[in-house]
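Notes follow once the structure below has been shown.
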Amino acid sequence: MRTIKTTSGAPIPLDGDLLAIMETLYREVTARRGLDRSFEDMVKEIHHIIGQMDDAERRTYLAESLFLNTVKYENDKLEAYMKRLSK
């Protein structure tokens with residue numbers, strides 16, 4: 001398993017676990033700065049991480065991201081529907 005690093009040097013093992021990358025991004029960009037970060041700060045860090053991945057790793061993480069976002073989208077739609085039913 002290969003490991004990449006954030007701009008601050010935190011290691012990220014590339015084992016297909018998107019949530020681990022998201023947690024590292026939160027710790028290194030958001031929490032480390034006491035919630036004082038910008039959209040640009042996060043995008044810069046994400047691009048730094050992506051730039052260290054090869055094509056196969058990018059495909060793996062894109063597929064995981066699309067899956068998680070689809071589940072989130074479905075859950076949000078269901079939640080809105082359930083709220084309408086309960087009124």
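If you're wondering about the labels, chains in the structure tokens are A, B, ... by order shown, residues count from 1 in each chain, ligands from 1 in order shown.
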
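Of the residues in chain A, those that DSSP places in strand (DSSP E or B) on the basis of the backbone are Thr3, Ile4, Lys5, Pro11, Ile12 and Pro13 of chain A.
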
Output the selection as a PDB file, in the first residue's frame - N, CA and C atoms for each residue.
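Result file part.pdb:
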ATOM      1  N   THR A   3       1.656   5.335   0.331  1.00  0.00           N
ATOM      2  CA  THR A   3       1.265   6.445   1.199  1.00  0.00           C
ATOM      3  C   THR A   3       1.649   7.756   0.522  1.00  0.00           C
ATOM      4  N   ILE A   4       0.718   8.720   0.556  1.00  0.00           N
ATOM      5  CA  ILE A   4       0.994  10.066   0.079  1.00  0.00           C
ATOM      6  C   ILE A   4       0.926  11.003   1.279  1.00  0.00           C
ATOM      7  N   LYS A   5       1.189  12.275   1.075  1.00  0.00           N
ATOM      8  CA  LYS A   5       1.203  13.231   2.194  1.00  0.00           C
ATOM      9  C   LYS A   5       0.423  14.494   1.853  1.00  0.00           C
ATOM     10  N   PRO A  11       0.589  11.783   6.721  1.00  0.00           N
ATOM     11  CA  PRO A  11       0.518  10.646   5.792  1.00  0.00           C
ATOM     12  C   PRO A  11      -0.921  10.233   5.504  1.00  0.00           C
ATOM     13  N   ILE A  12      -1.156   9.801   4.265  1.00  0.00           N
ATOM     14  CA  ILE A  12      -2.452   9.259   3.861  1.00  0.00           C
ATOM     15  C   ILE A  12      -2.191   7.943   3.137  1.00  0.00           C
ATOM     16  N   PRO A  13      -2.550   6.808   3.765  1.00  0.00           N
ATOM     17  CA  PRO A  13      -2.396   5.529   3.064  1.00  0.00           C
ATOM     18  C   PRO A  13      -3.454   5.410   1.972  1.00  0.00           C
TER      19      PRO A  13
END

I need the alpha helix (DSSP H) residues of chain A per DSSP on the backbone, written as a PyMOL selection string. chain A and resi 18-25+39-51+55-86

Pick from A:Ala63, A:Leu14, A:Met1, A:Ile46: nearest to Glu28 (chain A), with only C-alpha atoms counted? A:Ile46

What gap, in Å, lies between CA of Arg37 (chain A) and CA of Asp15 (chain A)? 27.2 Å

Leaving out region 29-36 of chain A and any residue of its chain fewer than 4 positions from it, which residues lie within 10 Å of it when counting only C-alpha atoms, given as a PyMOL selection string? chain A and resi 6-8+23-25+41-42+44-46
